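Peer 1: Below you will find the structure I want to go over with you.
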Amino acid sequence: GVLVVGSINADLTVTAPHIPAPGETVLGRELRVGPGGKGANQAVAAARAGARVSLVGAVGQDSFQANALRLLQAAGVNLSGVQVRPEATGVALITVSAGGENAITVASGANAALTPDDLPADLSLWTHLLLQQELPPDITLAAAQRAHAAGLHVTLNAAPSRERTPALLACTTHLIVNEHELAALAGEDKDVAEVARALLTAGPHAVTVTLGAQGSLTVTADGETHRLAAFPVTALDTTGAGDTFCGVLVARLAQGEALRSALHWAGVAAALTCTRPGAQAAMPDWAEVQQAGAS
Ligand code: ADP
């Protein structure tokens with residue numbers, strides 16, 4: 001099964017004519033409250049793609065908790081590693097402009113209180129670990145190091161961008177980044193495939209760069225290159241696309257699927273997420289992914 005160690009948030013989203021400048025107040029439309037956080041999003045995506053998924057994380061004992069956990073529970077994610085802490089549930093304050101741009105402020109709350117002591121003692125209960133960069137760096141690094149030592153396949157979605165951590169990359173089996181995160185990790189002077197290949201020397205056996213409507217590019221230490229076009233959809237809201245891609249990719253790998261085929265399904269599922277508003281609520285179940293991507 002898949003262990004996700006990551007953030008759990010409630011997303012509070014307002015659509016407004018434009019994103020407010022410093023000191024400005026903008027009148028927006030109705031508030032939408034939905035479950036989010038990269039860790040929770042990827043756990044839901046992986047569970048809907050058929051994997052057995054456990055989540056380690058933290059929420060507060062407040063009015064946002066139930067909302068943050070609702071779709072994790074519905075997807076059957078094992079939440080015994082989720083603590084209820086005295087801090088507030090993490091909240092992302094999201095303003096979306098009429099033009100579709102967004103500005104996001106995250107109040108980390110309970111997520112920021114997690115430490116390496118909160119990790120399960122025996123990681124060998126899982127085959128795959130899935131990490132992002134919304135938790136304190138020390139718990140993410142400790143999870144990667146212990147999982148690597150225990151022989152797990154470690155996937156790091158290096159989002160949001162942080163300073164490059166060689167020790168973390170050294171324990172990573174599969175690194176997933178978008179173009180901005182790739183540039184932050186490795187520079188942007190050469191072409192994407194070259195930059196991705198250069199990152200293989202930092203530790204990962206595979207590096208995947210997600211390219212939005214351009215699909216994805218994956219290079220491996222065995223010398224393979226996989227360029228996959230995006231699954232064609234009319235994108236309405238791309239929130240959660242990257243998280244869907246990561247969750248589904250690891251879920252399919254954990255179920256024994258080959259890399260190229262797992263990349264295909266991850267792209268189909270991510271594209272379907274773009275056709276509906278929100279993050280977790282927009283993620284397809286496996287029957288829908290199979291039907292859409294069968295051709
Ligand atoms: P992030 O949201 O993390 O920046 P991307 O924008 O690269 O990540 O999107 C992640 C994946 O979602 C892409 O690799 C692609 O498979 C899918 N995707 C994103 N945008 C579209 C789109 N407009 N049409 C189809 N698929 C998309």
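The chains in the structure tokens are called A, B, ... from first to last as shown; in each chain the residues are counted from 1, and the ligands are counted from 1 in the order shown.
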Please identify all polymer residues within 9 Å of segment 262-274 of chain A, counting only C-alpha atoms, omitting same-chain residues fewer than 3 positions from it, and present them as a PDB file with N, CA and C atoms, in the first residue's frame.

Peer 2:
ATOM      1  N   ALA A  45      -6.656  11.120  -4.376  1.00  0.00           N
ATOM      2  CA  ALA A  45      -6.444  10.706  -5.768  1.00  0.00           C
ATOM      3  C   ALA A  45      -5.942   9.263  -5.846  1.00  0.00           C
ATOM      4  N   ALA A  49      -7.870   5.803  -7.289  1.00  0.00           N
ATOM      5  CA  ALA A  49      -7.239   5.014  -8.349  1.00  0.00           C
ATOM      6  C   ALA A  49      -6.996   3.578  -7.904  1.00  0.00           C
ATOM      7  N   ALA A 213      -0.965  21.740 -19.998  1.00  0.00           N
ATOM      8  CA  ALA A 213      -1.652  21.270 -21.204  1.00  0.00           C
ATOM      9  C   ALA A 213      -0.696  20.610 -22.201  1.00  0.00           C
ATOM     10  N   GLY A 215       1.235  18.119 -21.209  1.00  0.00           N
ATOM     11  CA  GLY A 215       1.430  16.735 -20.776  1.00  0.00           C
ATOM     12  C   GLY A 215       2.558  16.583 -19.781  1.00  0.00           C
ATOM     13  N   SER A 216       3.402  15.566 -19.993  1.00  0.00           N
ATOM     14  CA  SER A 216       4.487  15.321 -19.033  1.00  0.00           C
ATOM     15  C   SER A 216       5.690  14.716 -19.737  1.00  0.00           C
ATOM     16  N   THR A 218       9.148  12.334 -18.679  1.00  0.00           N
ATOM     17  CA  THR A 218       9.815  11.552 -17.639  1.00  0.00           C
ATOM     18  C   THR A 218      11.128  11.012 -18.174  1.00  0.00           C
ATOM     19  N   HIS A 226      10.138   9.235 -21.547  1.00  0.00           N
ATOM     20  CA  HIS A 226       8.712   9.106 -21.864  1.00  0.00           C
ATOM     21  C   HIS A 226       8.111  10.495 -22.012  1.00  0.00           C
ATOM     22  N   LEU A 228       4.622  12.190 -22.798  1.00  0.00           N
ATOM     23  CA  LEU A 228       3.206  11.887 -22.968  1.00  0.00           C
ATOM     24  C   LEU A 228       2.436  13.176 -23.199  1.00  0.00           C
ATOM     25  N   ALA A 229       1.660  13.215 -24.279  1.00  0.00           N
ATOM     26  CA  ALA A 229       0.793  14.368 -24.538  1.00  0.00           C
ATOM     27  C   ALA A 229      -0.285  14.407 -23.466  1.00  0.00           C
ATOM     28  N   ALA A 230      -0.822  15.594 -23.212  1.00  0.00           N
ATOM     29  CA  ALA A 230      -1.935  15.703 -22.266  1.00  0.00           C
ATOM     30  C   ALA A 230      -3.155  15.029 -22.865  1.00  0.00           C
ATOM     31  N   PHE A 231      -3.999  14.466 -22.007  1.00  0.00           N
ATOM     32  CA  PHE A 231      -5.285  13.938 -22.463  1.00  0.00           C
ATOM     33  C   PHE A 231      -6.159  15.152 -22.790  1.00  0.00           C
ATOM     34  N   PRO A 232      -6.732  15.196 -24.018  1.00  0.00           N
ATOM     35  CA  PRO A 232      -7.420  16.432 -24.429  1.00  0.00           C
ATOM     36  C   PRO A 232      -8.752  16.647 -23.701  1.00  0.00           C
ATOM     37  N   VAL A 233      -8.849  17.765 -23.013  1.00  0.00           N
ATOM     38  CA  VAL A 233     -10.096  18.158 -22.345  1.00  0.00           C
ATOM     39  C   VAL A 233     -10.251  19.667 -22.496  1.00  0.00           C
ATOM     40  N   THR A 234     -11.441  20.161 -22.202  1.00  0.00           N
ATOM     41  CA  THR A 234     -11.625  21.602 -22.065  1.00  0.00           C
ATOM     42  C   THR A 234     -11.437  21.922 -20.590  1.00  0.00           C
ATOM     43  N   ALA A 235     -10.317  22.581 -20.285  1.00  0.00           N
ATOM     44  CA  ALA A 235      -9.990  22.832 -18.877  1.00  0.00           C
ATOM     45  C   ALA A 235     -10.830  23.986 -18.342  1.00  0.00           C
ATOM     46  N   LEU A 236     -11.464  23.728 -17.184  1.00  0.00           N
ATOM     47  CA  LEU A 236     -12.336  24.729 -16.549  1.00  0.00           C
ATOM     48  C   LEU A 236     -11.658  25.280 -15.301  1.00  0.00           C
ATOM     49  N   ASP A 237     -10.976  24.401 -14.562  1.00  0.00           N
ATOM     50  CA  ASP A 237     -10.307  24.780 -13.311  1.00  0.00           C
ATOM     51  C   ASP A 237      -9.200  23.752 -13.076  1.00  0.00           C
ATOM     52  N   THR A 238      -7.955  24.183 -13.195  1.00  0.00           N
ATOM     53  CA  THR A 238      -6.840  23.225 -13.113  1.00  0.00           C
ATOM     54  C   THR A 238      -6.399  22.944 -11.671  1.00  0.00           C
ATOM     55  N   THR A 239      -7.112  23.493 -10.677  1.00  0.00           N
ATOM     56  CA  THR A 239      -6.793  23.205  -9.279  1.00  0.00           C
ATOM     57  C   THR A 239      -6.790  21.696  -9.055  1.00  0.00           C
ATOM     58  N   GLY A 240      -5.737  21.191  -8.434  1.00  0.00           N
ATOM     59  CA  GLY A 240      -5.707  19.773  -8.101  1.00  0.00           C
ATOM     60  C   GLY A 240      -5.163  18.883  -9.208  1.00  0.00           C
ATOM     61  N   ALA A 241      -4.839  19.451 -10.378  1.00  0.00           N
ATOM     62  CA  ALA A 241      -4.353  18.609 -11.483  1.00  0.00           C
ATOM     63  C   ALA A 241      -3.022  17.951 -11.113  1.00  0.00           C
ATOM     64  N   GLY A 242      -2.092  18.746 -10.599  1.00  0.00           N
ATOM     65  CA  GLY A 242      -0.797  18.200 -10.212  1.00  0.00           C
ATOM     66  C   GLY A 242      -0.931  17.159  -9.111  1.00  0.00           C
ATOM     67  N   ASP A 243      -1.801  17.423  -8.137  1.00  0.00           N
ATOM     68  CA  ASP A 243      -1.995  16.463  -7.044  1.00  0.00           C
ATOM     69  C   ASP A 243      -2.614  15.161  -7.545  1.00  0.00           C
ATOM     70  N   THR A 244      -3.556  15.268  -8.476  1.00  0.00           N
ATOM     71  CA  THR A 244      -4.163  14.064  -9.049  1.00  0.00           C
ATOM     72  C   THR A 244      -3.099  13.237  -9.772  1.00  0.00           C
ATOM     73  N   PHE A 245      -2.280  13.926 -10.562  1.00  0.00           N
ATOM     74  CA  PHE A 245      -1.217  13.246 -11.311  1.00  0.00           C
ATOM     75  C   PHE A 245      -0.335  12.436 -10.360  1.00  0.00           C
ATOM     76  N   CYS A 246       0.134  13.076  -9.286  1.00  0.00           N
ATOM     77  CA  CYS A 246       1.050  12.405  -8.351  1.00  0.00           C
ATOM     78  C   CYS A 246       0.372  11.226  -7.653  1.00  0.00           C
ATOM     79  N   GLY A 247      -0.843  11.445  -7.155  1.00  0.00           N
ATOM     80  CA  GLY A 247      -1.540  10.390  -6.420  1.00  0.00           C
ATOM     81  C   GLY A 247      -1.823   9.184  -7.287  1.00  0.00           C
ATOM     82  N   VAL A 248      -2.295   9.432  -8.510  1.00  0.00           N
ATOM     83  CA  VAL A 248      -2.661   8.323  -9.402  1.00  0.00           C
ATOM     84  C   VAL A 248      -1.408   7.602  -9.888  1.00  0.00           C
ATOM     85  N   LEU A 249      -0.354   8.342 -10.190  1.00  0.00           N
ATOM     86  CA  LEU A 249       0.890   7.701 -10.647  1.00  0.00           C
ATOM     87  C   LEU A 249       1.389   6.705  -9.592  1.00  0.00           C
ATOM     88  N   VAL A 250       1.476   7.146  -8.360  1.00  0.00           N
ATOM     89  CA  VAL A 250       1.990   6.263  -7.305  1.00  0.00           C
ATOM     90  C   VAL A 250       1.018   5.113  -7.045  1.00  0.00           C
ATOM     91  N   ALA A 251      -0.278   5.392  -7.093  1.00  0.00           N
ATOM     92  CA  ALA A 251      -1.268   4.332  -6.879  1.00  0.00           C
ATOM     93  C   ALA A 251      -1.111   3.223  -7.912  1.00  0.00           C
ATOM     94  N   ARG A 252      -0.916   3.603  -9.171  1.00  0.00           N
ATOM     95  CA  ARG A 252      -0.797   2.578 -10.219  1.00  0.00           C
ATOM     96  C   ARG A 252       0.535   1.839 -10.116  1.00  0.00           C
ATOM     97  N   LEU A 253       1.607   2.548  -9.807  1.00  0.00           N
ATOM     98  CA  LEU A 253       2.901   1.872  -9.612  1.00  0.00           C
ATOM     99  C   LEU A 253       2.793   0.875  -8.450  1.00  0.00           C
ATOM    100  N   GLU A 257       1.759  -1.689 -11.911  1.00  0.00           N
ATOM    101  CA  GLU A 257       1.720  -1.279 -13.303  1.00  0.00           C
ATOM    102  C   GLU A 257       3.087  -0.749 -13.751  1.00  0.00           C
ATOM    103  N   ALA A 258       3.406  -0.892 -15.033  1.00  0.00           N
ATOM    104  CA  ALA A 258       4.667  -0.374 -15.577  1.00  0.00           C
ATOM    105  C   ALA A 258       4.632   1.152 -15.613  1.00  0.00           C
ATOM    106  N   LEU A 259       5.836   1.758 -15.604  1.00  0.00           N
ATOM    107  CA  LEU A 259       5.943   3.215 -15.512  1.00  0.00           C
ATOM    108  C   LEU A 259       5.164   3.944 -16.603  1.00  0.00           C
ATOM    109  N   PRO A 277     -14.744  22.112 -11.118  1.00  0.00           N
ATOM    110  CA  PRO A 277     -14.176  23.032 -10.123  1.00  0.00           C
ATOM    111  C   PRO A 277     -13.733  22.303  -8.854  1.00  0.00           C
ATOM    112  N   GLY A 278     -12.736  22.874  -8.181  1.00  0.00           N
ATOM    113  CA  GLY A 278     -12.280  22.341  -6.904  1.00  0.00           C
ATOM    114  C   GLY A 278     -11.145  21.359  -7.079  1.00  0.00           C
ATOM    115  N   ALA A 279     -10.659  20.829  -5.955  1.00  0.00           N
ATOM    116  CA  ALA A 279      -9.534  19.894  -5.971  1.00  0.00           C
ATOM    117  C   ALA A 279     -10.040  18.470  -5.789  1.00  0.00           C
ATOM    118  N   GLN A 280     -10.272  18.038  -4.546  1.00  0.00           N
ATOM    119  CA  GLN A 280     -10.691  16.657  -4.302  1.00  0.00           C
ATOM    120  C   GLN A 280     -12.037  16.338  -4.941  1.00  0.00           C
ATOM    121  N   ALA A 281     -12.960  17.288  -4.862  1.00  0.00           N
ATOM    122  CA  ALA A 281     -14.299  17.040  -5.410  1.00  0.00           C
ATOM    123  C   ALA A 281     -14.249  16.816  -6.923  1.00  0.00           C
ATOM    124  N   ALA A 282     -13.211  17.335  -7.571  1.00  0.00           N
ATOM    125  CA  ALA A 282     -13.116  17.238  -9.028  1.00  0.00           C
ATOM    126  C   ALA A 282     -12.420  15.963  -9.494  1.00  0.00           C
ATOM    127  N   MET A 283     -11.832  15.216  -8.556  1.00  0.00           N
ATOM    128  CA  MET A 283     -11.027  14.051  -8.962  1.00  0.00           C
ATOM    129  C   MET A 283     -11.909  12.890  -9.418  1.00  0.00           C
ATOM    130  N   PRO A 284     -11.558  12.255 -10.536  1.00  0.00           N
ATOM    131  CA  PRO A 284     -12.368  11.152 -11.054  1.00  0.00           C
ATOM    132  C   PRO A 284     -12.172   9.862 -10.254  1.00  0.00           C
ATOM    133  N   ASP A 285     -13.185   9.005 -10.285  1.00  0.00           N
ATOM    134  CA  ASP A 285     -12.959   7.670  -9.738  1.00  0.00           C
ATOM    135  C   ASP A 285     -12.366   6.786 -10.842  1.00  0.00           C
ATOM    136  N   TRP A 286     -11.969   5.582 -10.495  1.00  0.00           N
ATOM    137  CA  TRP A 286     -11.201   4.771 -11.426  1.00  0.00           C
ATOM    138  C   TRP A 286     -12.006   4.348 -12.646  1.00  0.00           C
ATOM    139  N   GLU A 288     -14.260   6.055 -14.209  1.00  0.00           N
ATOM    140  CA  GLU A 288     -14.291   7.174 -15.162  1.00  0.00           C
ATOM    141  C   GLU A 288     -12.945   7.314 -15.885  1.00  0.00           C
ATOM    142  N   VAL A 289     -11.856   7.144 -15.158  1.00  0.00           N
ATOM    143  CA  VAL A 289     -10.518   7.255 -15.761  1.00  0.00           C
ATOM    144  C   VAL A 289     -10.345   6.179 -16.821  1.00  0.00           C
ATOM    145  N   GLN A 290     -10.725   4.953 -16.478  1.00  0.00           N
ATOM    146  CA  GLN A 290     -10.560   3.827 -17.413  1.00  0.00           C
ATOM    147  C   GLN A 290     -11.364   4.022 -18.672  1.00  0.00           C
ATOM    148  N   ALA A 292     -12.459   6.885 -19.942  1.00  0.00           N
ATOM    149  CA  ALA A 292     -11.959   8.009 -20.742  1.00  0.00           C
ATOM    150  C   ALA A 292     -10.663   7.649 -21.454  1.00  0.00           C
ATOM    151  N   GLY A 293      -9.780   6.905 -20.769  1.00  0.00           N
ATOM    152  CA  GLY A 293      -8.429   6.709 -21.293  1.00  0.00           C
ATOM    153  C   GLY A 293      -8.204   5.401 -22.009  1.00  0.00           C
TER     154      GLY A 293
END

Peer 1: With only C-alpha atoms as the counted atoms, please give the residues lying no more than 6 Å from segment 133-148 of chain A, apart from itself and same-chain residues fewer than 6 positions off, as an MDAnalysis selection string.

Peer 2: chainID A and resid 7 112 115:116 158:160 168 171

Peer 1: Looking at only C-alpha atoms, which of A:Ala103, A:Leu182, A:Leu3, A:Leu72 is the one that sits closest to Leu55 of chain A?

Peer 2: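 So, comparing all the options, the nearest one is A:Leu3.
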
Peer 1: Would you please give, as JSON, numbers by chain, all residues of segment 37-124 of chain A that DSSP assigns to strand (DSSP E) based on the backbone?

Peer 2: {"A": [53, 54, 55, 56, 57, 58, 59, 60, 78, 79, 80, 81, 82, 83, 84, 85, 90, 91, 92, 93, 94, 95, 96, 97, 102, 103, 104, 105, 106, 107]}

Peer 1: Any idea what's packed within 8 Å of Ala47 of chain A, counting only C-alpha atoms, ignoring anything in its chain fewer than 5 positions away? Could you give it as a list in words?

Peer 2: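 Answer for this query is Arg52, Val53, Ala75, Gly76, Val77 and Ala251 of chain A.
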
Peer 1: With a distance cut-off of 12 Å and only C-alpha atoms, select the neighbouring residues of Glu87 of chain A, excluding the residue or stretch itself and same-chain residues fewer than 3 positions from it, and output the selection as a PDB file with N, CA and C atoms, in the first residue's frame.

Peer 2:
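Dumped everything to selection33.pdb:
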ATOM      1  N   ALA A  58      -2.145  16.100  10.343  1.00  0.00           N
ATOM      2  CA  ALA A  58      -2.734  16.684  11.549  1.00  0.00           C
ATOM      3  C   ALA A  58      -3.806  17.704  11.183  1.00  0.00           C
ATOM      4  N   VAL A  59      -4.850  17.722  12.011  1.00  0.00           N
ATOM      5  CA  VAL A  59      -5.902  18.733  11.899  1.00  0.00           C
ATOM      6  C   VAL A  59      -6.157  19.311  13.288  1.00  0.00           C
ATOM      7  N   GLY A  60      -6.940  20.380  13.357  1.00  0.00           N
ATOM      8  CA  GLY A  60      -7.331  20.957  14.636  1.00  0.00           C
ATOM      9  C   GLY A  60      -8.711  20.480  15.042  1.00  0.00           C
ATOM     10  N   GLN A  61      -9.128  20.945  16.249  1.00  0.00           N
ATOM     11  CA  GLN A  61     -10.454  20.539  16.742  1.00  0.00           C
ATOM     12  C   GLN A  61     -11.393  21.727  16.539  1.00  0.00           C
ATOM     13  N   ASP A  62     -11.651  22.076  15.293  1.00  0.00           N
ATOM     14  CA  ASP A  62     -12.431  23.276  15.008  1.00  0.00           C
ATOM     15  C   ASP A  62     -13.422  23.001  13.891  1.00  0.00           C
ATOM     16  N   PHE A  64     -13.394  23.606  10.839  1.00  0.00           N
ATOM     17  CA  PHE A  64     -12.881  23.220   9.519  1.00  0.00           C
ATOM     18  C   PHE A  64     -12.480  21.751   9.437  1.00  0.00           C
ATOM     19  N   GLN A  65     -12.353  21.102  10.604  1.00  0.00           N
ATOM     20  CA  GLN A  65     -11.837  19.729  10.625  1.00  0.00           C
ATOM     21  C   GLN A  65     -12.681  18.770   9.788  1.00  0.00           C
ATOM     22  N   GLN A  83      -3.531  13.081  13.464  1.00  0.00           N
ATOM     23  CA  GLN A  83      -3.726  13.569  14.835  1.00  0.00           C
ATOM     24  C   GLN A  83      -4.706  14.733  14.867  1.00  0.00           C
ATOM     25  N   VAL A  84      -5.459  14.805  15.958  1.00  0.00           N
ATOM     26  CA  VAL A  84      -6.256  16.000  16.236  1.00  0.00           C
ATOM     27  C   VAL A  84      -5.489  16.792  17.282  1.00  0.00           C
ATOM     28  N   GLY A  90      -5.334  23.475   9.223  1.00  0.00           N
ATOM     29  CA  GLY A  90      -4.720  24.281   8.167  1.00  0.00           C
ATOM     30  C   GLY A  90      -5.779  24.846   7.241  1.00  0.00           C
ATOM     31  N   VAL A  91      -5.568  26.088   6.809  1.00  0.00           N
ATOM     32  CA  VAL A  91      -6.511  26.739   5.907  1.00  0.00           C
ATOM     33  C   VAL A  91      -5.732  27.408   4.778  1.00  0.00           C
ATOM     34  N   ALA A 107      -2.457  29.212   5.966  1.00  0.00           N
ATOM     35  CA  ALA A 107      -2.264  29.236   7.424  1.00  0.00           C
ATOM     36  C   ALA A 107      -2.031  27.782   7.835  1.00  0.00           C
ATOM     37  N   SER A 108      -0.790  27.391   8.053  1.00  0.00           N
ATOM     38  CA  SER A 108      -0.449  25.976   8.206  1.00  0.00           C
ATOM     39  C   SER A 108      -1.070  25.329   9.439  1.00  0.00           C
ATOM     40  N   GLY A 109      -1.207  26.080  10.526  1.00  0.00           N
ATOM     41  CA  GLY A 109      -1.879  25.558  11.724  1.00  0.00           C
ATOM     42  C   GLY A 109      -1.291  24.235  12.186  1.00  0.00           C
ATOM     43  N   ALA A 110      -2.157  23.229  12.353  1.00  0.00           N
ATOM     44  CA  ALA A 110      -1.745  21.931  12.897  1.00  0.00           C
ATOM     45  C   ALA A 110      -0.675  21.247  12.035  1.00  0.00           C
ATOM     46  N   ASN A 111      -0.687  21.482  10.719  1.00  0.00           N
ATOM     47  CA  ASN A 111       0.327  20.862   9.841  1.00  0.00           C
ATOM     48  C   ASN A 111       1.742  21.211  10.302  1.00  0.00           C
ATOM     49  N   ALA A 112       1.920  22.476  10.747  1.00  0.00           N
ATOM     50  CA  ALA A 112       3.253  22.972  11.097  1.00  0.00           C
ATOM     51  C   ALA A 112       3.761  22.377  12.403  1.00  0.00           C
ATOM     52  N   ALA A 113       2.867  21.732  13.175  1.00  0.00           N
ATOM     53  CA  ALA A 113       3.262  21.180  14.473  1.00  0.00           C
ATOM     54  C   ALA A 113       3.805  19.758  14.356  1.00  0.00           C
ATOM     55  N   LEU A 114       3.707  19.151  13.173  1.00  0.00           N
ATOM     56  CA  LEU A 114       4.159  17.761  13.019  1.00  0.00           C
ATOM     57  C   LEU A 114       5.683  17.662  13.098  1.00  0.00           C
TER      58      LEU A 114
END

Peer 1: Write out as number ranges by chain the residues lying within 6 Å of Leu129 of chain A, counting only C-alpha atoms and excluding same-chain residues fewer than 4 positions away.

Peer 2: A: 2-4, 154

Peer 1: Take the residues from that selection and put them in a file with N, CA and C atoms, as a JSON list (two decimals), in the first residue's frame.

Peer 2:
[["chain", "number", "residue", "atom", "x", "y", "z"],
["A", 2, "VAL", "N", 0.13, 2.40, -0.08],
["A", 2, "VAL", "CA", 0.77, 3.72, -0.20],
["A", 2, "VAL", "C", 0.63, 4.48, 1.11],
["A", 3, "LEU", "N", 1.74, 5.00, 1.62],
["A", 3, "LEU", "CA", 1.71, 5.90, 2.78],
["A", 3, "LEU", "C", 1.96, 7.33, 2.29],
["A", 4, "VAL", "N", 1.03, 8.22, 2.61],
["A", 4, "VAL", "CA", 1.21, 9.64, 2.30],
["A", 4, "VAL", "C", 1.50, 10.36, 3.62],
["A", 154, "VAL", "N", 10.17, 5.74, -2.84],
["A", 154, "VAL", "CA", 9.86, 7.06, -2.29],
["A", 154, "VAL", "C", 9.60, 8.06, -3.42]]

Peer 1: By how many Å are atom CA of Ser161 of chain A and atom CA of Gly34 of chain A apart?

Peer 2: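 Interatomic distance here is 23.4 Å.
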
Peer 1: Any idea what the distance is between atom CA of Ala92 of chain A and atom CA of Val14 of chain A?

Peer 2: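 Computing it gives 11.1 Å between the two atoms.
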